[in-house]
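Participant: Structure file model_36.txt, compact mmCIF, C-alpha atoms, is pasted below:
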```
# COMPACT_ATOMS: atom_id res chain seq x y z
CA MET P 21 -25.02 3.97 11.73
CA SER P 22 -21.82 5.69 12.91
CA ASP P 23 -19.42 7.04 10.34
CA HIS P 24 -16.90 4.54 11.74
CA ILE P 25 -17.76 0.94 10.89
CA ILE P 26 -14.70 -0.49 12.69
CA GLU P 27 -12.83 0.81 15.72
CA LEU P 28 -9.77 -0.74 17.35
CA ILE P 29 -8.76 0.60 20.77
CA GLY P 30 -5.41 -0.35 22.28
CA VAL P 31 -5.28 -3.69 20.46
CA SER P 32 -2.22 -5.87 21.08
CA LYS P 33 -1.49 -9.47 20.20
CA TYR P 34 1.02 -11.83 21.79
CA TYR P 35 1.97 -15.39 20.90
CA HIS P 36 3.59 -16.82 24.03
CA ASP P 37 6.31 -14.22 24.78
CA THR P 38 6.37 -12.73 21.27
CA SER P 39 4.58 -9.44 20.67
CA VAL P 40 3.09 -9.25 17.16
CA LEU P 41 0.90 -6.14 17.43
CA HIS P 42 1.49 -3.22 19.77
CA ASN P 43 -1.33 -1.02 21.07
CA ILE P 44 -3.11 -0.50 17.73
CA ASN P 45 -5.63 2.34 17.60
CA LEU P 46 -7.52 2.53 14.31
CA THR P 47 -10.88 3.72 13.05
CA ILE P 48 -12.19 2.72 9.62
CA LYS P 49 -14.97 4.65 7.94
CA ASN P 50 -18.15 3.14 6.58
CA GLY P 51 -17.73 2.52 2.84
CA GLU P 52 -13.97 3.10 2.90
CA PHE P 53 -11.31 1.20 0.97
CA LEU P 54 -8.49 0.87 3.50
CA THR P 55 -5.28 -0.98 2.75
CA LEU P 56 -2.96 -2.48 5.36
CA LEU P 57 0.45 -2.26 3.72
CA GLY P 58 3.73 -3.62 4.96
CA PRO P 59 6.44 -6.26 4.58
CA SER P 60 6.05 -9.87 5.63
CA GLY P 61 5.93 -10.23 9.40
CA CYS P 62 4.78 -6.68 10.13
CA GLY P 63 1.45 -7.82 11.61
CA LYS P 64 -1.00 -6.88 8.86
CA THR P 65 -2.51 -10.36 8.40
CA THR P 66 -2.72 -10.83 12.17
CA LEU P 67 -4.67 -7.58 12.38
CA LEU P 68 -7.04 -8.84 9.68
CA ARG P 69 -7.56 -12.09 11.58
CA LEU P 70 -8.40 -10.16 14.75
CA ILE P 71 -11.05 -8.16 12.91
CA SER P 72 -12.49 -11.30 11.32
CA GLY P 73 -12.61 -13.18 14.63
CA PHE P 74 -10.20 -15.97 13.73
CA GLU P 75 -7.96 -14.64 16.49
CA GLU P 76 -8.73 -12.79 19.75
CA PRO P 77 -6.66 -9.79 20.88
CA SER P 78 -4.43 -10.19 23.92
CA ASN P 79 -5.36 -6.65 24.98
CA GLY P 80 -7.73 -3.97 23.75
CA LYS P 81 -11.16 -3.89 22.15
CA ILE P 82 -12.55 -4.24 18.62
CA PHE P 83 -15.90 -2.74 17.66
CA ILE P 84 -17.74 -3.52 14.40
CA GLY P 85 -20.85 -1.50 13.70
CA GLY P 86 -20.64 -0.13 17.24
CA GLN P 87 -20.75 -3.61 18.83
CA ASP P 88 -17.96 -4.96 21.03
CA MET P 89 -16.62 -8.09 19.32
CA HIS P 90 -15.18 -9.73 22.43
CA GLY P 91 -16.16 -13.40 22.29
CA ILE P 92 -18.16 -13.01 19.05
CA PRO P 93 -17.27 -15.84 16.61
CA PRO P 94 -16.43 -15.13 12.95
CA ASN P 95 -19.82 -16.26 11.61
CA HIS P 96 -21.61 -13.66 13.74
CA ARG P 97 -19.43 -10.66 12.89
CA TYR P 98 -21.01 -9.48 9.61
CA VAL P 99 -17.61 -9.59 7.95
CA ASN P 100 -16.44 -11.93 5.20
CA THR P 101 -12.91 -12.79 4.14
CA VAL P 102 -11.46 -13.39 0.68
CA PHE P 103 -8.33 -15.47 1.26
CA GLN P 104 -5.12 -15.46 -0.76
CA SER P 105 -5.88 -18.99 -1.99
CA TYR P 106 -9.58 -18.11 -2.58
CA ALA P 107 -10.51 -21.33 -0.65
CA LEU P 108 -13.13 -22.43 -3.20
CA PHE P 109 -14.64 -25.90 -2.89
CA PRO P 110 -13.18 -27.82 -5.88
CA HIS P 111 -16.07 -30.33 -6.06
CA MET P 112 -18.76 -27.61 -6.19
CA THR P 113 -19.93 -25.55 -9.13
CA VAL P 114 -19.56 -21.77 -9.17
CA PHE P 115 -23.23 -21.48 -8.18
CA ASP P 116 -22.87 -23.86 -5.24
CA ASN P 117 -19.68 -22.18 -4.01
CA VAL P 118 -21.42 -18.81 -3.88
CA ALA P 119 -24.59 -20.31 -2.39
CA PHE P 120 -22.79 -22.22 0.35
CA GLY P 121 -22.95 -19.56 3.07
CA LEU P 122 -26.59 -18.71 2.37
CA ARG P 123 -27.62 -22.36 2.60
CA CYS P 124 -25.77 -22.70 5.91
CA LYS P 125 -27.89 -19.83 7.22
CA GLY P 126 -31.10 -21.55 6.12
CA VAL P 127 -32.02 -19.03 3.44
CA SER P 128 -34.86 -20.26 1.23
CA ALA P 129 -33.99 -21.89 -2.09
CA ALA P 130 -35.75 -19.18 -4.10
CA GLU P 131 -33.87 -16.39 -2.31
CA VAL P 132 -30.58 -18.28 -2.65
CA THR P 133 -31.08 -18.49 -6.42
CA ASP P 134 -31.89 -14.80 -6.75
CA ARG P 135 -29.02 -13.59 -4.56
CA VAL P 136 -26.44 -15.90 -6.14
CA HIS P 137 -27.38 -14.83 -9.66
CA ASP P 138 -27.25 -11.16 -8.61
CA ALA P 139 -23.81 -11.65 -7.04
CA LEU P 140 -22.43 -13.48 -10.07
CA LYS P 141 -23.86 -10.89 -12.41
CA MET P 142 -22.13 -8.20 -10.37
CA VAL P 143 -18.75 -9.88 -10.94
CA LYS P 144 -19.60 -10.70 -14.56
CA LEU P 145 -19.70 -14.48 -14.08
CA ASP P 146 -23.42 -15.16 -14.40
CA SER P 147 -22.79 -17.38 -17.43
CA TYR P 148 -20.33 -19.57 -15.49
CA VAL P 149 -22.72 -20.99 -12.88
CA HIS P 150 -22.18 -24.66 -13.83
CA ARG P 151 -18.38 -24.60 -14.05
CA LYS P 152 -16.03 -25.99 -11.43
CA PRO P 153 -13.15 -23.89 -10.02
CA GLN P 154 -10.52 -25.82 -11.99
CA GLN P 155 -12.29 -24.72 -15.20
CA LEU P 156 -11.75 -21.04 -14.34
CA SER P 157 -8.79 -18.70 -14.70
CA GLY P 158 -7.14 -17.21 -11.64
CA GLY P 159 -8.98 -13.94 -12.10
CA GLN P 160 -12.32 -15.71 -12.47
CA GLN P 161 -11.68 -17.75 -9.31
CA GLN P 162 -10.96 -14.55 -7.44
CA ARG P 163 -14.25 -13.04 -8.60
CA VAL P 164 -16.12 -16.15 -7.47
CA ALA P 165 -14.50 -15.78 -4.04
CA ILE P 166 -15.59 -12.13 -3.92
CA ALA P 167 -19.13 -13.03 -5.00
CA ARG P 168 -19.28 -15.73 -2.31
CA ALA P 169 -18.28 -13.15 0.30
CA ALA P 170 -20.46 -10.32 -1.03
CA VAL P 171 -23.61 -12.45 -1.35
CA ASN P 172 -23.86 -12.52 2.45
CA LYS P 173 -24.14 -8.71 2.49
CA PRO P 174 -21.37 -8.16 5.03
CA LEU P 175 -20.68 -4.81 6.64
CA VAL P 176 -17.00 -5.32 5.85
CA LEU P 177 -15.14 -7.35 3.25
CA LEU P 178 -11.63 -8.45 4.25
CA LEU P 179 -9.17 -9.29 1.47
CA ASP P 180 -5.92 -11.03 2.41
CA GLU P 181 -3.51 -10.51 -0.52
CA PRO P 182 -6.05 -11.86 -3.04
CA LEU P 183 -4.07 -10.70 -6.09
CA SER P 184 -0.69 -12.16 -5.18
CA SER P 185 -1.01 -15.30 -7.31
CA LEU P 186 -2.11 -13.50 -10.49
CA ASP P 187 0.17 -12.56 -13.36
CA TYR P 188 1.09 -8.89 -13.81
CA ARG P 189 -1.46 -7.98 -16.50
CA LEU P 190 -4.36 -9.71 -14.75
CA ARG P 191 -3.29 -8.22 -11.44
CA LYS P 192 -3.47 -4.71 -12.89
CA ALA P 193 -6.90 -5.39 -14.39
CA MET P 194 -8.21 -6.84 -11.13
CA GLN P 195 -7.00 -3.80 -9.17
CA LEU P 196 -9.33 -1.63 -11.24
CA GLU P 197 -12.17 -4.16 -11.03
CA LEU P 198 -11.86 -4.45 -7.27
CA LYS P 199 -12.03 -0.72 -6.73
CA MET P 200 -15.04 -0.40 -9.05
CA LEU P 201 -16.71 -3.32 -7.29
CA GLN P 202 -16.15 -1.74 -3.88
CA VAL P 203 -17.81 1.48 -5.05
CA GLU P 204 -20.70 -0.49 -6.53
CA LEU P 205 -21.22 -2.53 -3.36
CA GLY P 206 -20.85 0.52 -1.13
CA ILE P 207 -19.33 -1.53 1.70
CA THR P 208 -16.04 -1.24 3.55
CA PHE P 209 -13.04 -3.08 2.06
CA ILE P 210 -9.98 -3.83 4.18
CA PHE P 211 -7.25 -4.99 1.85
CA VAL P 212 -3.93 -6.54 2.90
CA THR P 213 -0.91 -6.35 0.62
CA HIS P 214 2.86 -5.92 0.57
CA ASP P 215 2.68 -4.33 -2.90
CA GLN P 216 3.09 -0.55 -2.72
CA GLU P 217 1.74 0.15 -6.21
CA GLU P 218 -1.35 -1.91 -5.44
CA ALA P 219 -2.00 0.02 -2.25
CA LEU P 220 -1.47 3.45 -3.80
CA SER P 221 -3.66 2.79 -6.84
CA MET P 222 -6.70 1.30 -5.06
CA SER P 223 -7.05 2.80 -1.60
CA ASP P 224 -8.88 5.70 -0.03
CA ARG P 225 -6.41 5.46 2.84
CA VAL P 226 -3.28 3.39 3.44
CA ALA P 227 -2.10 2.19 6.85
CA VAL P 228 1.61 1.45 6.59
CA MET P 229 2.63 -1.17 9.14
CA HIS P 230 6.11 -1.70 10.55
CA ASP P 231 7.15 -4.11 13.31
CA GLY P 232 3.62 -4.53 14.67
CA ASN P 233 2.80 -0.81 14.66
CA ILE P 234 0.92 1.50 12.31
CA ALA P 235 3.81 3.72 11.24
CA GLN P 236 1.59 6.09 9.25
CA ILE P 237 -1.98 6.27 7.98
CA GLY P 238 -3.26 8.66 5.34
CA SER P 239 -4.23 9.06 1.72
CA PRO P 240 -1.97 7.40 -0.87
CA ARG P 241 -0.59 10.81 -1.78
CA GLU P 242 0.13 11.69 1.85
CA VAL P 243 2.06 8.52 2.67
CA TYR P 244 4.06 8.73 -0.58
CA GLU P 245 4.84 12.45 -0.70
CA GLU P 246 4.99 13.16 3.04
CA PRO P 247 6.24 10.04 4.83
CA THR P 248 6.51 10.55 8.58
CA ASN P 249 9.69 8.52 9.01
CA LEU P 250 12.38 6.61 7.16
CA ALA P 251 10.68 3.24 7.56
CA VAL P 252 7.64 4.50 5.64
CA ALA P 253 9.73 6.40 3.10
CA LYS P 254 11.81 3.35 2.24
CA PHE P 255 8.87 0.98 1.98
CA ILE P 256 6.62 3.23 -0.14
CA GLY P 257 8.36 3.35 -3.50
CA GLU P 258 12.03 4.01 -4.13
CA ALA P 259 13.80 6.72 -2.18
CA ASN P 260 17.15 8.46 -2.50
CA ILE P 261 18.39 9.21 1.02
CA PHE P 262 21.10 11.85 1.40
CA GLU P 263 23.05 12.10 4.64
CA THR P 264 22.55 15.67 5.80
CA GLU P 265 24.51 17.87 8.20
CA LEU P 266 22.22 20.32 9.97
CA ILE P 267 24.10 23.58 10.54
CA ARG P 268 21.32 25.83 11.81
CA ALA P 269 17.56 25.65 12.31
CA ASP P 270 14.94 28.27 13.12
CA ASP P 271 11.15 28.36 12.90
CA LYS P 272 11.19 28.82 9.13
CA PHE P 273 14.37 27.43 7.60
CA LEU P 274 17.07 24.79 7.84
CA GLU P 275 20.63 25.48 6.77
CA VAL P 276 22.26 22.17 5.83
CA VAL P 277 25.20 20.65 4.01
CA ILE P 278 24.69 17.71 1.62
CA GLU P 279 27.69 16.08 -0.04
CA GLY P 280 29.75 19.18 0.74
CA LYS P 281 27.23 21.65 -0.72
CA PRO P 282 25.21 24.15 1.35
CA PHE P 283 21.41 24.27 1.01
CA LYS P 284 18.58 26.17 2.67
CA PHE P 285 15.28 24.29 3.07
CA LYS P 286 11.96 25.14 4.66
CA ASN P 287 11.61 23.76 8.19
CA ARG P 288 8.22 22.09 7.72
CA LYS P 289 8.58 19.63 10.60
CA GLY P 290 9.95 21.93 13.30
CA PHE P 291 13.48 20.50 13.55
CA SER P 292 15.97 22.07 15.93
CA THR P 293 19.71 22.54 15.39
CA THR P 294 20.60 19.51 17.53
CA ASP P 295 18.43 17.09 15.51
CA ALA P 296 19.92 14.44 13.22
CA ILE P 297 18.21 14.54 9.82
CA VAL P 298 18.35 13.11 6.32
CA THR P 299 17.07 14.42 2.99
CA LEU P 300 14.80 12.25 0.84
CA VAL P 301 14.35 12.78 -2.91
CA ARG P 302 12.14 10.46 -4.97
CA PRO P 303 13.62 9.11 -8.25
CA GLU P 304 11.06 10.97 -10.36
CA ASP P 305 12.08 14.25 -8.67
CA LEU P 306 15.77 13.80 -9.41
CA GLN P 307 16.78 15.67 -12.56
CA VAL P 308 19.67 14.37 -14.63
CA TRP P 309 21.57 16.54 -17.11
CA ALA P 310 24.20 15.73 -19.70
CA LEU P 311 27.40 17.76 -19.31
CA SER P 312 26.56 19.76 -22.44
CA GLU P 313 23.13 20.79 -21.08
CA VAL P 314 24.24 22.86 -18.09
CA THR P 315 26.61 25.70 -17.26
CA ASP P 316 25.72 26.62 -13.68
CA THR P 317 26.39 23.55 -11.53
CA GLN P 318 26.55 25.29 -8.13
CA ASN P 319 23.68 23.27 -6.65
CA MET P 320 24.30 20.10 -8.65
CA PHE P 321 26.17 16.89 -7.88
CA PRO P 322 28.46 15.10 -10.36
CA ALA P 323 27.53 11.47 -10.97
CA THR P 324 28.07 8.62 -13.39
CA VAL P 325 25.38 6.62 -15.17
CA GLU P 326 25.72 2.93 -14.31
CA GLN P 327 22.61 1.45 -15.91
CA VAL P 328 19.91 2.63 -18.32
CA ILE P 329 16.55 0.82 -18.15
CA TYR P 330 14.05 1.66 -20.89
CA LYS P 331 10.41 1.27 -19.76
CA GLY P 332 8.44 2.78 -22.62
CA VAL P 333 7.13 6.03 -21.16
CA THR P 334 10.12 6.41 -18.83
CA VAL P 335 13.81 5.70 -18.62
CA ASP P 336 15.14 4.55 -15.23
CA LEU P 337 18.73 5.44 -14.47
CA GLN P 338 21.00 3.83 -11.90
CA LEU P 339 23.56 6.46 -10.92
CA ARG P 340 26.58 6.68 -8.64
CA LEU P 341 28.06 9.73 -6.99
CA HIS P 342 31.81 10.19 -6.85
CA ASN P 343 31.84 9.04 -3.21
CA GLY P 344 30.26 5.72 -4.26
CA LYS P 345 26.68 6.46 -3.17
CA ALA P 346 24.08 4.81 -5.44
CA LEU P 347 21.04 6.80 -6.62
CA ALA P 348 17.98 6.09 -8.78
CA ALA P 349 16.34 8.52 -11.20
CA THR P 350 13.22 8.22 -13.35
CA GLN P 351 13.16 10.39 -16.47
CA PHE P 352 9.96 10.99 -18.43
CA PHE P 353 9.78 11.42 -22.18
CA ASN P 354 8.39 14.79 -23.28
CA GLU P 355 8.25 17.06 -26.33
CA ASP P 356 11.45 18.84 -25.31
CA ASP P 357 13.45 15.66 -24.86
CA GLU P 358 12.01 12.81 -26.89
CA LYS P 359 15.11 10.63 -26.86
CA LEU P 360 16.49 10.73 -23.32
CA ASP P 361 19.80 9.42 -24.56
CA PHE P 362 21.97 8.33 -21.64
CA ASN P 363 24.69 5.72 -21.77
CA PRO P 364 26.45 3.59 -19.16
CA ASP P 365 29.64 5.24 -17.81
CA GLU P 366 28.42 8.67 -18.99
CA PRO P 367 29.25 11.54 -16.59
CA VAL P 368 26.21 13.65 -15.71
CA TRP P 369 25.01 16.33 -13.30
CA ILE P 370 22.06 15.77 -10.98
CA GLU P 371 19.80 18.11 -8.99
CA TRP P 372 16.24 18.54 -7.78
CA VAL P 373 13.86 21.49 -7.67
CA PRO P 374 14.06 23.16 -4.22
CA GLY P 375 10.99 22.18 -2.23
CA TRP P 376 10.68 18.72 -3.79
CA GLU P 377 12.82 17.20 -1.04
CA THR P 378 11.47 15.74 2.22
CA ILE P 379 13.42 16.21 5.43
CA LEU P 380 13.12 13.37 7.95
CA ALA P 381 14.63 12.47 11.28
CA ALA P 382 17.60 10.17 10.82
CA ASP P 383 17.04 6.62 11.98
CA GLU P 384 20.37 4.87 12.22
CA GLU P 385 18.78 1.41 12.43
CA SER P 386 16.94 1.78 9.13
CA MET P 387 19.63 3.65 7.17
```
How would this structure read if it were set down as structure tokens?
Facilitator:
Amino acid sequence: MSDHIIELIGVSKYYHDTSVLHNINLTIKNGEFLTLLGPSGCGKTTLLRLISGFEEPSNGKIFIGGQDMHGIPPNHRYVNTVFQSYALFPHMTVFDNVAFGLRCKGVSAAEVTDRVHDALKMVKLDSYVHRKPQQLSGGQQQRVAIARAAVNKPLVLLLDEPLSSLDYRLRKAMQLELKMLQVELGITFIFVTHDQEEALSMSDRVAVMHDGNIAQIGSPREVYEEPTNLAVAKFIGEANIFETELIRADDKFLEVVIEGKPFKFKNRKGFSTTDAIVTLVRPEDLQVWALSEVTDTQNMFPATVEQVIYKGVTVDLQLRLHNGKALAATQFFNEDDEKLDFNPDEPVWIEWVPGWETILAADEESM
């Protein structure tokens, strides 16, 4: 089998005169956990439906396991979908829900029993075979839906925001369980979500979608630390965006002015002097100092603390520069500063370690 279990070539989707997906090119590796991440309306669920066969592309080709899927119905695609609502049959027991697809295929009763019990054991629900869906928790219903999909031994498991209806604690637990389950099954998972933390914590790769396009695809660390554009930067976590005046650029360095202060950054993306750029600094990379803690403020900006949010291992600060610009900072407790005492209306100095910034092309529409 090829290393690529799924390949999309020039895939577009139109509804009447509305374009939903634009010339998508994507390859997904065998055994990979890939997440389609983006806001509502970006096209991620439509892309999942094209792969599953519930929709046909307007243009382009989709290959699964090396086979062209044009005209192939969903039940012949060797993919299974776990829907947001789980879509369990309320009148059937857990066993019968999981067995449903096998029975439709004419699998023998003995094999159905063996495969269903194996699938339920895998999701730790083998003692729940006689219960109905309404007798299960949300997390248990989700695991039944996964078992029902996995029992058919698909090449690819598609998951359309299956954690969205769970409470926070269960959602966190199920993220870990899903990733462990994917490794155990050894099959490809394509996971759809609008939750950035979910995508970053579970995925081998993340495809960030924006307005029907794949804006960036890469490892969680790549899309978070090295976003390719402002749309990705703003959607993946919080971002402090500084308007930046580019004074001079050469092959190695950028000379810029931010909030009236000169800086010299490495030119990692090959910008030229005529380019319009911005500087991105993540909240956890923004350092905040009390007035009494610093003497040299040459490369610092004066700000005022507006809000202090205690989160246990961190303190989140909402700050405002003197020109009115709002900023966010995340401060971590450590042995050198166990209290992190900041107060609303307190004047502070802020900075970041040179090199921790990301320089991006300015996009006036998304600023």
Participant: Ranking P:Asp383, P:Asp134, P:Glu204, P:Asp116 by minimum distance to P:Tyr148 and counting all atoms listed in the file, which one comes first?
Facilitator: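 Distance minimum relative to P:Tyr148 lands on P:Asp116.
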Participant: Compare P:Val171, P:Ala129, P:Val164, P:Ala253 by their minimum atom-to-atom distance to P:Met112, counting all atoms listed in the file, and give me the closest one.
Facilitator: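 Among P:Val171, P:Ala129, P:Val164, P:Ala253, it is P:Val164 that comes nearest to P:Met112.
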Participant: Identify, on the basis of all atoms listed in the file, every residue whose closest approach to stretch 346-355 of chain P does not exceed 9 Å; exclude the query and any residue fewer than 3 positions from it along the same chain; express the result as JSON, numbers by chain.
Facilitator: {"P": [258, 259, 260, 261, 302, 303, 304, 305, 306, 307, 308, 332, 333, 334, 335, 336, 337, 338, 339, 340, 341, 358, 359, 360]}
Participant: Please produce a file of the residues just selected, as a PDB file, in the coordinates of the input, where the atoms kept are C-alpha atoms.
Facilitator:
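After the write, out_6.pdb holds the following:
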```pdb
ATOM      1  CA  GLU P 258      12.030   4.010  -4.130  1.00  0.00           C
ATOM      2  CA  ALA P 259      13.800   6.720  -2.180  1.00  0.00           C
ATOM      3  CA  ASN P 260      17.150   8.460  -2.500  1.00  0.00           C
ATOM      4  CA  ILE P 261      18.390   9.210   1.020  1.00  0.00           C
ATOM      5  CA  ARG P 302      12.140  10.460  -4.970  1.00  0.00           C
ATOM      6  CA  PRO P 303      13.620   9.110  -8.250  1.00  0.00           C
ATOM      7  CA  GLU P 304      11.060  10.970 -10.360  1.00  0.00           C
ATOM      8  CA  ASP P 305      12.080  14.250  -8.670  1.00  0.00           C
ATOM      9  CA  LEU P 306      15.770  13.800  -9.410  1.00  0.00           C
ATOM     10  CA  GLN P 307      16.780  15.670 -12.560  1.00  0.00           C
ATOM     11  CA  VAL P 308      19.670  14.370 -14.630  1.00  0.00           C
ATOM     12  CA  GLY P 332       8.440   2.780 -22.620  1.00  0.00           C
ATOM     13  CA  VAL P 333       7.130   6.030 -21.160  1.00  0.00           C
ATOM     14  CA  THR P 334      10.120   6.410 -18.830  1.00  0.00           C
ATOM     15  CA  VAL P 335      13.810   5.700 -18.620  1.00  0.00           C
ATOM     16  CA  ASP P 336      15.140   4.550 -15.230  1.00  0.00           C
ATOM     17  CA  LEU P 337      18.730   5.440 -14.470  1.00  0.00           C
ATOM     18  CA  GLN P 338      21.000   3.830 -11.900  1.00  0.00           C
ATOM     19  CA  LEU P 339      23.560   6.460 -10.920  1.00  0.00           C
ATOM     20  CA  ARG P 340      26.580   6.680  -8.640  1.00  0.00           C
ATOM     21  CA  LEU P 341      28.060   9.730  -6.990  1.00  0.00           C
ATOM     22  CA  GLU P 358      12.010  12.810 -26.890  1.00  0.00           C
ATOM     23  CA  LYS P 359      15.110  10.630 -26.860  1.00  0.00           C
ATOM     24  CA  LEU P 360      16.490  10.730 -23.320  1.00  0.00           C
TER      25      LEU P 360
END
```
Participant: From the options P:Phe53, P:Thr299, P:Phe262, P:Gln318, which residue's atoms come nearest to P:Leu274, counting all atoms listed in the file?
Facilitator: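 Under the stated criterion, the closest residue is P:Thr299.
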Participant: Which residue is closest to P:Arg191? Choose from P:Ala323, P:Met222, P:Met229, P:Ala130 and count only C-alpha atoms.
Facilitator: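 Looking only at the distances to P:Arg191, the closest residue turns out to be P:Met222.
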Participant: To one decimal in Å, tell me the separation between atom CA of P:Pro93 and atom CA of P:Ser78.
Facilitator: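 Those two atoms sit 15.8 Å apart.
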